[in-house]
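Taking it in order: structure first as structure tokens, then the write-up.
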Amino acid sequence: MKEELLLEVKNLETFIPTPKGQIKPVNDVSFSINKGEIVALVGESGSGKSVTSLSIMGLNASAIQYRPESSIFFNDKDLLKLKEKEMRKIRGNNIAMIFQDPMFSLNPVHPIGRQIAESIVLHKKVKYKDALVTALELLNKVGIPDAKRRLNDYPHQLSGGMRQRVMIAMALACDPKLIIADEPTTALDVTIQAQILNLLHKLQKESGIAILLITHDLGVVAETADRVLVMYCGKIVEEGTVEDIFENPLHPYTRGLMASVPELYGPTKEKLDAIPGVVPNPLELPKGCNFVTRCSYATEKCSQNAPTLLKHPSGNRVSCWYPLEKEGERGHYETAATSFS
Amino acid sequence: MFLKYLARRLLYVIPLLFITTLIVFSFILLIPGDPVLALLGENATPEKVAQLRQQLGLDQPIIMQYFDWLKNALQGDLGRSIFTGQLVEEAVFSRLTVTFQLVVAAMVISVVGGMFFAITSIYYPNSWMDYVARFFGTLGTAIPNFWLAMLLVLFFSLKLGWVPATGFTSINDNPVDFLKGILLPAISLGAMGTAQITRHLRSSLMEVMNADYVRTAYSKGVKRWRAIFNHGLQNAMLPVVTTIGILFGNLLGATVVIETVFAIPGMGQLAVNSILQRDFTMLQGVVLVMIVLVIIINFITDIVYAILDPRIEY
């Protein structure tokens, strides 16, 4: 299958002016998503993944401003240059979003059928009554049992997993090309998480929707994604296919993330290998590489010059002066990788 | 289910009525001054005083008086005025229609004004509209209503001559005159309510518009206007419904002053006169009806709340 470009983020840079200086939640980020692809955007809280996704939706808080060089191309249109009215036609219609906590993301005083039908009525020329019929089909599609009766239920009458299914049905309402799922499983029980991920996977296979999956959970990534972007302090530090990232992480941060996940198989460790130190204050980022304060391989060069995202012979793109060698760390990452498969 | 909920709410009302009337009844008797002396004059002979006292039932213990009164009140008989001999229920109900029209007019002004100011202030944040709304929100609470009433009369009645300064026409008799007569008193009463609702709804809306589900609505491609009206308002109104319910009681109490300023023959005026004359039976009737009104409004508030918020368990 020929890969067709769906979304292209180029040099996305956002900043918030504060009295103490500028904060850059997203700093020169470029990536693309092909049609029908699941791309995972991984990073800790504050790494800029949510701001990136909200930039695509044009829903960032008004305090966040964009550098003029930034562009987000979707269907040959630069979303950042669109007027609000044109952007509204894309939201929910071509690009839909699933949020983290379905407890708070659904309107508590409207029945779920009405909430799903709302997007349909907004974007398609259909009557509310017909939109409700579509809403019912969607509820069936996302696996809500007894959907007809559920149509008039309010969010509080559903369980967390059911609510997230409703959110997914809502996102699917207008057959979007891209769904941005912002931590869709974080607020759910582990058993429910797997169901929701399977559902997303199934829908992507059936209807060829591309999904940008935002998460900090590497287990979710391994199960679902085709390609992975790892973000740290507003920058992408590594990018590659899910196999390459898990089998051969090049950036010390990526490897640190994997080591900090408990392993199901292999020898039991006394303690998990946490990444030492904390995420630097966004107002006092290091001069060189952002990860230099926490990296055990860092040299003088790392603290002076920031590396750029470059293609590595192994296939990944990585932003590091000293990408990790495969042989040197073999034993460690292999045990980590098996726990996800 | 909903009927069951209604029935349960109604059951709460019974002990509430019983306790409040008992308190009111006994407190009224604590008001200094003796209605018998007021009726007969200072020079009445002790025999005559005792005779009238017995006639009016005032020689009985308070608790007996209360149960007598309660027994009659349950049958719709609130007694006769000590002074005029008029049937209390007749006097009270003819005044009630007047006061009710006044309070409802003031409520309409409060709710419509409050919602208008709050919504425009949220839709145009930091615009001049927002500042006007915030200014009114403070001013309306700070200005005493009788003073506002006098200013309004001074300007609109005496200077411009647009509306009469005093008097009242019932809406049944002449709707146009009703509107003219009710305008100033309703504004004087409603200013406080407008301010309260503006402030409360504004802060409530501000919170709701930052909620996750409003962000979800935006992500569906909803306009801001629709996000406010369709997603924000119903949620933001929930706490405000309580404010509106309480406001009704406040406005009912405030009619005492406003009716005096505008010479409106309503319940407030009747209450003031009854107190001055020590007309205890009349006063008891007035207070009883006011209590019942407030309880009914609380009841309605509960129901509206249950309609607006599907999470309420019936």
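FYI, nothing fancy with the structure tokens labels: chains A, B, ... in order, residues from 1 per chain, ligands from 1 as they appear.
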
Could you list, as a PDB file with N, CA, C and O atoms, in the first residue's frame, the residues of chain A having an atom within 9 Å of chain B when counting only C-alpha atoms?
```
ATOM      1  N   MET A  57      -6.110  20.794  16.562  1.00  0.00           N
ATOM      2  CA  MET A  57      -7.540  21.090  16.651  1.00  0.00           C
ATOM      3  C   MET A  57      -7.818  22.593  16.694  1.00  0.00           C
ATOM      4  O   MET A  57      -8.959  23.015  16.605  1.00  0.00           O
ATOM      5  N   GLY A  58      -6.779  23.383  16.885  1.00  0.00           N
ATOM      6  CA  GLY A  58      -6.986  24.827  17.055  1.00  0.00           C
ATOM      7  C   GLY A  58      -7.726  25.143  18.330  1.00  0.00           C
ATOM      8  O   GLY A  58      -8.526  26.067  18.391  1.00  0.00           O
ATOM      9  N   LEU A  59      -7.475  24.372  19.363  1.00  0.00           N
ATOM     10  CA  LEU A  59      -8.230  24.542  20.612  1.00  0.00           C
ATOM     11  C   LEU A  59      -7.334  24.914  21.789  1.00  0.00           C
ATOM     12  O   LEU A  59      -7.723  24.765  22.934  1.00  0.00           O
ATOM     13  N   LYS A  85     -14.078  30.133  11.486  1.00  0.00           N
ATOM     14  CA  LYS A  85     -15.265  29.552  10.867  1.00  0.00           C
ATOM     15  C   LYS A  85     -14.911  28.325  10.026  1.00  0.00           C
ATOM     16  O   LYS A  85     -15.612  27.310  10.039  1.00  0.00           O
ATOM     17  N   MET A  87     -12.183  26.530  10.447  1.00  0.00           N
ATOM     18  CA  MET A  87     -11.645  25.537  11.375  1.00  0.00           C
ATOM     19  C   MET A  87     -12.785  24.732  11.997  1.00  0.00           C
ATOM     20  O   MET A  87     -12.659  23.525  12.206  1.00  0.00           O
ATOM     21  N   ARG A  88     -13.913  25.428  12.275  1.00  0.00           N
ATOM     22  CA  ARG A  88     -15.065  24.741  12.883  1.00  0.00           C
ATOM     23  C   ARG A  88     -15.592  23.641  11.979  1.00  0.00           C
ATOM     24  O   ARG A  88     -16.110  22.638  12.435  1.00  0.00           O
ATOM     25  N   LYS A  89     -15.453  23.856  10.643  1.00  0.00           N
ATOM     26  CA  LYS A  89     -15.949  22.843   9.710  1.00  0.00           C
ATOM     27  C   LYS A  89     -15.065  21.605   9.724  1.00  0.00           C
ATOM     28  O   LYS A  89     -15.482  20.531   9.307  1.00  0.00           O
ATOM     29  N   ILE A  90     -13.825  21.762  10.170  1.00  0.00           N
ATOM     30  CA  ILE A  90     -12.906  20.621  10.210  1.00  0.00           C
ATOM     31  C   ILE A  90     -13.039  19.863  11.526  1.00  0.00           C
ATOM     32  O   ILE A  90     -13.057  18.641  11.565  1.00  0.00           O
ATOM     33  N   ARG A  91     -13.185  20.631  12.601  1.00  0.00           N
ATOM     34  CA  ARG A  91     -13.320  20.011  13.923  1.00  0.00           C
ATOM     35  C   ARG A  91     -14.552  19.118  14.000  1.00  0.00           C
ATOM     36  O   ARG A  91     -15.651  19.557  13.665  1.00  0.00           O
ATOM     37  N   GLY A  92     -14.336  17.899  14.454  1.00  0.00           N
ATOM     38  CA  GLY A  92     -15.465  16.993  14.613  1.00  0.00           C
ATOM     39  C   GLY A  92     -15.893  16.381  13.303  1.00  0.00           C
ATOM     40  O   GLY A  92     -16.542  15.350  13.281  1.00  0.00           O
ATOM     41  N   ASN A  93     -15.527  17.018  12.201  1.00  0.00           N
ATOM     42  CA  ASN A  93     -15.930  16.538  10.886  1.00  0.00           C
ATOM     43  C   ASN A  93     -14.800  15.754  10.228  1.00  0.00           C
ATOM     44  O   ASN A  93     -14.956  14.584   9.899  1.00  0.00           O
ATOM     45  N   ILE A  95     -11.377  16.039  11.574  1.00  0.00           N
ATOM     46  CA  ILE A  95     -10.497  15.644  12.673  1.00  0.00           C
ATOM     47  C   ILE A  95     -11.351  15.639  13.938  1.00  0.00           C
ATOM     48  O   ILE A  95     -11.977  16.633  14.276  1.00  0.00           O
ATOM     49  N   ALA A  96     -11.385  14.516  14.615  1.00  0.00           N
ATOM     50  CA  ALA A  96     -12.168  14.440  15.845  1.00  0.00           C
ATOM     51  C   ALA A  96     -11.241  14.109  16.999  1.00  0.00           C
ATOM     52  O   ALA A  96     -10.105  13.682  16.799  1.00  0.00           O
ATOM     53  N   MET A  97     -11.728  14.323  18.200  1.00  0.00           N
ATOM     54  CA  MET A  97     -10.845  14.130  19.343  1.00  0.00           C
ATOM     55  C   MET A  97     -11.530  13.293  20.417  1.00  0.00           C
ATOM     56  O   MET A  97     -12.725  13.407  20.654  1.00  0.00           O
ATOM     57  N   ILE A  98     -10.732  12.450  21.063  1.00  0.00           N
ATOM     58  CA  ILE A  98     -11.199  11.689  22.223  1.00  0.00           C
ATOM     59  C   ILE A  98     -10.364  12.149  23.405  1.00  0.00           C
ATOM     60  O   ILE A  98      -9.138  12.214  23.316  1.00  0.00           O
ATOM     61  N   PHE A  99     -11.034  12.476  24.498  1.00  0.00           N
ATOM     62  CA  PHE A  99     -10.288  13.037  25.623  1.00  0.00           C
ATOM     63  C   PHE A  99     -10.024  12.000  26.693  1.00  0.00           C
ATOM     64  O   PHE A  99     -10.562  10.886  26.684  1.00  0.00           O
ATOM     65  N   ASP A 101     -10.564  11.853  30.198  1.00  0.00           N
ATOM     66  CA  ASP A 101     -11.448  11.379  31.252  1.00  0.00           C
ATOM     67  C   ASP A 101     -12.902  11.466  30.825  1.00  0.00           C
ATOM     68  O   ASP A 101     -13.494  12.543  30.822  1.00  0.00           O
ATOM     69  N   PRO A 102     -13.507  10.331  30.460  1.00  0.00           N
ATOM     70  CA  PRO A 102     -14.878  10.369  29.953  1.00  0.00           C
ATOM     71  C   PRO A 102     -15.882  10.789  31.025  1.00  0.00           C
ATOM     72  O   PRO A 102     -17.011  11.133  30.726  1.00  0.00           O
ATOM     73  N   PHE A 104     -15.634  13.486  32.779  1.00  0.00           N
ATOM     74  CA  PHE A 104     -15.824  14.930  32.695  1.00  0.00           C
ATOM     75  C   PHE A 104     -15.949  15.429  31.265  1.00  0.00           C
ATOM     76  O   PHE A 104     -16.248  16.594  31.045  1.00  0.00           O
ATOM     77  N   SER A 105     -15.681  14.562  30.293  1.00  0.00           N
ATOM     78  CA  SER A 105     -15.670  15.034  28.914  1.00  0.00           C
ATOM     79  C   SER A 105     -17.029  14.962  28.242  1.00  0.00           C
ATOM     80  O   SER A 105     -17.198  15.436  27.137  1.00  0.00           O
ATOM     81  N   LEU A 106     -17.988  14.333  28.922  1.00  0.00           N
ATOM     82  CA  LEU A 106     -19.343  14.301  28.371  1.00  0.00           C
ATOM     83  C   LEU A 106     -20.212  15.259  29.178  1.00  0.00           C
ATOM     84  O   LEU A 106     -20.067  15.368  30.397  1.00  0.00           O
ATOM     85  N   ASN A 107     -21.104  15.939  28.478  1.00  0.00           N
ATOM     86  CA  ASN A 107     -21.976  16.891  29.165  1.00  0.00           C
ATOM     87  C   ASN A 107     -22.942  16.135  30.097  1.00  0.00           C
ATOM     88  O   ASN A 107     -23.732  15.311  29.633  1.00  0.00           O
ATOM     89  N   PRO A 108     -22.872  16.419  31.403  1.00  0.00           N
ATOM     90  CA  PRO A 108     -23.663  15.627  32.357  1.00  0.00           C
ATOM     91  C   PRO A 108     -25.171  15.807  32.230  1.00  0.00           C
ATOM     92  O   PRO A 108     -25.926  14.958  32.700  1.00  0.00           O
ATOM     93  N   VAL A 109     -25.621  16.892  31.589  1.00  0.00           N
ATOM     94  CA  VAL A 109     -27.064  17.137  31.576  1.00  0.00           C
ATOM     95  C   VAL A 109     -27.726  16.824  30.232  1.00  0.00           C
ATOM     96  O   VAL A 109     -28.902  17.087  30.053  1.00  0.00           O
ATOM     97  N   HIS A 110     -26.973  16.264  29.287  1.00  0.00           N
ATOM     98  CA  HIS A 110     -27.572  15.877  28.008  1.00  0.00           C
ATOM     99  C   HIS A 110     -27.500  14.357  27.836  1.00  0.00           C
ATOM    100  O   HIS A 110     -26.483  13.758  28.172  1.00  0.00           O
ATOM    101  N   GLN A 115     -25.844  13.961  22.415  1.00  0.00           N
ATOM    102  CA  GLN A 115     -24.484  14.469  22.287  1.00  0.00           C
ATOM    103  C   GLN A 115     -23.800  13.945  21.037  1.00  0.00           C
ATOM    104  O   GLN A 115     -22.997  14.642  20.414  1.00  0.00           O
ATOM    105  N   GLU A 118     -25.421  15.615  17.946  1.00  0.00           N
ATOM    106  CA  GLU A 118     -25.082  17.034  17.770  1.00  0.00           C
ATOM    107  C   GLU A 118     -24.015  17.227  16.685  1.00  0.00           C
ATOM    108  O   GLU A 118     -24.174  18.081  15.810  1.00  0.00           O
ATOM    109  N   SER A 119     -22.938  16.419  16.742  1.00  0.00           N
ATOM    110  CA  SER A 119     -21.891  16.579  15.715  1.00  0.00           C
ATOM    111  C   SER A 119     -22.447  16.340  14.332  1.00  0.00           C
ATOM    112  O   SER A 119     -22.087  17.022  13.382  1.00  0.00           O
ATOM    113  N   LEU A 122     -24.458  19.184  13.111  1.00  0.00           N
ATOM    114  CA  LEU A 122     -23.598  20.342  12.850  1.00  0.00           C
ATOM    115  C   LEU A 122     -22.932  20.267  11.480  1.00  0.00           C
ATOM    116  O   LEU A 122     -22.771  21.272  10.806  1.00  0.00           O
ATOM    117  N   HIS A 123     -22.530  19.050  11.082  1.00  0.00           N
ATOM    118  CA  HIS A 123     -21.690  18.946   9.888  1.00  0.00           C
ATOM    119  C   HIS A 123     -22.394  18.384   8.668  1.00  0.00           C
ATOM    120  O   HIS A 123     -21.985  18.636   7.550  1.00  0.00           O
ATOM    121  N   TYR A 154     -28.148   9.236  30.495  1.00  0.00           N
ATOM    122  CA  TYR A 154     -27.216  10.321  30.760  1.00  0.00           C
ATOM    123  C   TYR A 154     -25.852   9.729  31.110  1.00  0.00           C
ATOM    124  O   TYR A 154     -25.775   8.578  31.565  1.00  0.00           O
ATOM    125  N   HIS A 156     -23.909   9.843  33.572  1.00  0.00           N
ATOM    126  CA  HIS A 156     -23.690   9.282  34.901  1.00  0.00           C
ATOM    127  C   HIS A 156     -24.295   7.894  35.045  1.00  0.00           C
ATOM    128  O   HIS A 156     -24.009   7.180  36.001  1.00  0.00           O
ATOM    129  N   GLN A 157     -25.156   7.512  34.102  1.00  0.00           N
ATOM    130  CA  GLN A 157     -25.770   6.191  34.183  1.00  0.00           C
ATOM    131  C   GLN A 157     -24.893   5.117  33.546  1.00  0.00           C
ATOM    132  O   GLN A 157     -25.258   3.947  33.559  1.00  0.00           O
ATOM    133  N   MET A 170     -18.838   9.336  19.401  1.00  0.00           N
ATOM    134  CA  MET A 170     -18.983  10.760  19.094  1.00  0.00           C
ATOM    135  C   MET A 170     -17.910  11.195  18.105  1.00  0.00           C
ATOM    136  O   MET A 170     -18.169  11.941  17.166  1.00  0.00           O
ATOM    137  N   ALA A 171     -16.679  10.698  18.329  1.00  0.00           N
ATOM    138  CA  ALA A 171     -15.583  11.059  17.436  1.00  0.00           C
ATOM    139  C   ALA A 171     -15.805  10.489  16.042  1.00  0.00           C
ATOM    140  O   ALA A 171     -15.453  11.097  15.043  1.00  0.00           O
TER     141      ALA A 171
END
```

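Backbone DSSP over segment 223-338 of chain A gives strand (DSSP E) for A:Arg227, A:Val228, A:Leu229, A:Val230, A:Met231, A:Tyr232, A:Lys235, A:Ile236, A:Val237, A:Glu238, A:Glu239, A:Gly240, A:Thr241, A:Leu310, A:Lys311, A:Arg317, A:Val318.
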
Among segment 62-194 of chain B, which residues carry a DSSP assignment of alpha helix (DSSP H), reported as number ranges by chain?
-> B: 62-74, 88-123, 128-142, 145-152, 175-194

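The neighbours of segment 202-205 of chain B here are the residues that come within 7 Å of it, using only C-alpha atoms and leaving out any residue fewer than 6 positions away in the same chain; they are Ala118, Ile119, Ile122, Gly232, Leu233 and Ala236 of chain B.
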
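The coordinates place atom CA of Thr97 of chain B at 22.9 Å from atom CA of Thr20 of chain B.
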
Within 10 Å of Met192 of chain B, counting only C-alpha atoms, which residues show up once you throw out same-chain ones fewer than 6 positions away? Write them as a VMD selection string, please.
-> chain B and resid 106 110 114 136 to 145 198 247 250 to 251

Write out, as an mmCIF file, in the first residue's frame, the residues just selected, with all heavy atoms.
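To be explicit, this is the file written out as again-v9.cif:
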```cif
data_model
loop_
_atom_site.group_PDB
_atom_site.id
_atom_site.type_symbol
_atom_site.label_atom_id
_atom_site.label_comp_id
_atom_site.auth_asym_id
_atom_site.auth_seq_id
_atom_site.Cartn_x
_atom_site.Cartn_y
_atom_site.Cartn_z
ATOM 1 N N ALA B 106 -40.800 41.663 39.719
ATOM 2 C CA ALA B 106 -39.417 41.859 40.145
ATOM 3 C C ALA B 106 -38.562 40.638 39.828
ATOM 4 O O ALA B 106 -37.400 40.759 39.442
ATOM 5 C CB ALA B 106 -39.364 42.162 41.642
ATOM 6 N N SER B 110 -35.263 40.392 37.555
ATOM 7 C CA SER B 110 -34.022 39.842 38.103
ATOM 8 C C SER B 110 -33.455 38.744 37.207
ATOM 9 O O SER B 110 -32.269 38.741 36.893
ATOM 10 C CB SER B 110 -34.260 39.246 39.489
ATOM 11 O OG SER B 110 -34.841 40.188 40.336
ATOM 12 N N GLY B 114 -30.411 39.455 35.010
ATOM 13 C CA GLY B 114 -29.243 38.726 35.497
ATOM 14 C C GLY B 114 -28.650 37.836 34.416
ATOM 15 O O GLY B 114 -27.442 37.810 34.201
ATOM 16 N N PHE B 136 -22.753 46.695 37.544
ATOM 17 C CA PHE B 136 -24.115 46.513 38.044
ATOM 18 C C PHE B 136 -24.182 45.430 39.105
ATOM 19 O O PHE B 136 -24.946 45.521 40.055
ATOM 20 C CB PHE B 136 -25.070 46.172 36.896
ATOM 21 C CG PHE B 136 -25.674 47.387 36.265
ATOM 22 C CD1 PHE B 136 -25.394 47.725 34.960
ATOM 23 C CD2 PHE B 136 -26.525 48.208 36.998
ATOM 24 C CE1 PHE B 136 -25.936 48.853 34.384
ATOM 25 C CE2 PHE B 136 -27.066 49.329 36.428
ATOM 26 C CZ PHE B 136 -26.765 49.653 35.121
ATOM 27 N N GLY B 137 -23.363 44.421 38.914
ATOM 28 C CA GLY B 137 -23.338 43.325 39.867
ATOM 29 C C GLY B 137 -22.995 43.808 41.269
ATOM 30 O O GLY B 137 -23.515 43.290 42.260
ATOM 31 N N THR B 138 -22.118 44.795 41.338
ATOM 32 C CA THR B 138 -21.754 45.325 42.653
ATOM 33 C C THR B 138 -22.751 46.391 43.089
ATOM 34 O O THR B 138 -23.222 46.395 44.226
ATOM 35 C CB THR B 138 -20.347 45.948 42.594
ATOM 36 O OG1 THR B 138 -19.506 45.041 41.917
ATOM 37 C CG2 THR B 138 -19.810 46.217 43.976
ATOM 38 N N LEU B 139 -23.068 47.294 42.155
ATOM 39 C CA LEU B 139 -23.947 48.422 42.486
ATOM 40 C C LEU B 139 -25.313 47.950 42.973
ATOM 41 O O LEU B 139 -25.815 48.431 43.994
ATOM 42 C CB LEU B 139 -24.117 49.285 41.231
ATOM 43 C CG LEU B 139 -24.702 50.672 41.456
ATOM 44 C CD1 LEU B 139 -23.647 51.553 42.133
ATOM 45 C CD2 LEU B 139 -25.137 51.284 40.147
ATOM 46 N N GLY B 140 -25.892 46.986 42.273
ATOM 47 C CA GLY B 140 -27.228 46.518 42.621
ATOM 48 C C GLY B 140 -27.300 45.957 44.027
ATOM 49 O O GLY B 140 -28.320 46.066 44.708
ATOM 50 N N THR B 141 -26.224 45.356 44.472
ATOM 51 C CA THR B 141 -26.218 44.809 45.831
ATOM 52 C C THR B 141 -26.007 45.924 46.852
ATOM 53 O O THR B 141 -26.520 45.870 47.973
ATOM 54 C CB THR B 141 -25.078 43.781 45.981
ATOM 55 O OG1 THR B 141 -24.874 43.155 44.732
ATOM 56 C CG2 THR B 141 -25.411 42.762 47.037
ATOM 57 N N ALA B 142 -25.244 46.944 46.451
ATOM 58 C CA ALA B 142 -24.855 47.970 47.414
ATOM 59 C C ALA B 142 -25.962 48.998 47.662
ATOM 60 O O ALA B 142 -26.104 49.514 48.766
ATOM 61 C CB ALA B 142 -23.588 48.674 46.927
ATOM 62 N N ILE B 143 -26.752 49.306 46.638
ATOM 63 C CA ILE B 143 -27.768 50.364 46.781
ATOM 64 C C ILE B 143 -28.963 49.862 47.593
ATOM 65 O O ILE B 143 -29.524 48.823 47.275
ATOM 66 C CB ILE B 143 -28.254 50.823 45.383
ATOM 67 C CG1 ILE B 143 -27.171 51.637 44.699
ATOM 68 C CG2 ILE B 143 -29.523 51.635 45.484
ATOM 69 C CD1 ILE B 143 -27.623 52.225 43.394
ATOM 70 N N PRO B 144 -29.373 50.593 48.647
ATOM 71 C CA PRO B 144 -30.590 50.208 49.367
ATOM 72 C C PRO B 144 -31.799 50.403 48.451
ATOM 73 O O PRO B 144 -31.872 51.399 47.730
ATOM 74 C CB PRO B 144 -30.648 51.182 50.540
ATOM 75 C CG PRO B 144 -29.369 51.926 50.533
ATOM 76 C CD PRO B 144 -28.763 51.813 49.180
ATOM 77 N N ASN B 145 -32.753 49.463 48.467
ATOM 78 C CA ASN B 145 -33.828 49.525 47.475
ATOM 79 C C ASN B 145 -34.770 50.720 47.671
ATOM 80 O O ASN B 145 -35.275 51.263 46.718
ATOM 81 C CB ASN B 145 -34.590 48.201 47.412
ATOM 82 C CG ASN B 145 -35.019 47.709 48.769
ATOM 83 O OD1 ASN B 145 -35.115 48.516 49.711
ATOM 84 N ND2 ASN B 145 -35.266 46.425 48.893
ATOM 85 N N THR B 198 -26.686 38.094 38.336
ATOM 86 C CA THR B 198 -25.563 38.394 37.447
ATOM 87 C C THR B 198 -24.266 37.838 38.015
ATOM 88 O O THR B 198 -23.524 37.123 37.340
ATOM 89 C CB THR B 198 -25.399 39.917 37.271
ATOM 90 O OG1 THR B 198 -26.613 40.446 36.762
ATOM 91 C CG2 THR B 198 -24.266 40.242 36.310
ATOM 92 N N LEU B 247 -33.928 34.113 46.508
ATOM 93 C CA LEU B 247 -34.238 35.490 46.131
ATOM 94 C C LEU B 247 -35.725 35.787 46.266
ATOM 95 O O LEU B 247 -36.121 36.876 46.703
ATOM 96 C CB LEU B 247 -33.790 35.714 44.678
ATOM 97 C CG LEU B 247 -33.898 37.134 44.154
ATOM 98 C CD1 LEU B 247 -32.910 38.017 44.880
ATOM 99 C CD2 LEU B 247 -33.651 37.177 42.666
ATOM 100 N N ASN B 250 -36.437 36.687 49.714
ATOM 101 C CA ASN B 250 -35.881 38.014 50.019
ATOM 102 C C ASN B 250 -36.763 39.118 49.457
ATOM 103 O O ASN B 250 -37.042 40.117 50.116
ATOM 104 C CB ASN B 250 -34.488 38.161 49.410
ATOM 105 C CG ASN B 250 -33.481 37.289 50.113
ATOM 106 O OD1 ASN B 250 -33.768 36.747 51.184
ATOM 107 N ND2 ASN B 250 -32.318 37.140 49.524
ATOM 108 N N LEU B 251 -37.206 38.935 48.213
ATOM 109 C CA LEU B 251 -38.019 39.961 47.565
ATOM 110 C C LEU B 251 -39.356 40.109 48.290
ATOM 111 O O LEU B 251 -39.855 41.224 48.478
ATOM 112 C CB LEU B 251 -38.261 39.612 46.097
ATOM 113 C CG LEU B 251 -37.046 39.672 45.182
ATOM 114 C CD1 LEU B 251 -37.459 39.441 43.744
ATOM 115 C CD2 LEU B 251 -36.332 41.004 45.313
#
```

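Between atom CA of Asn281 of chain A and atom CA of Phe15 of chain A there is a distance of 14.6 Å.
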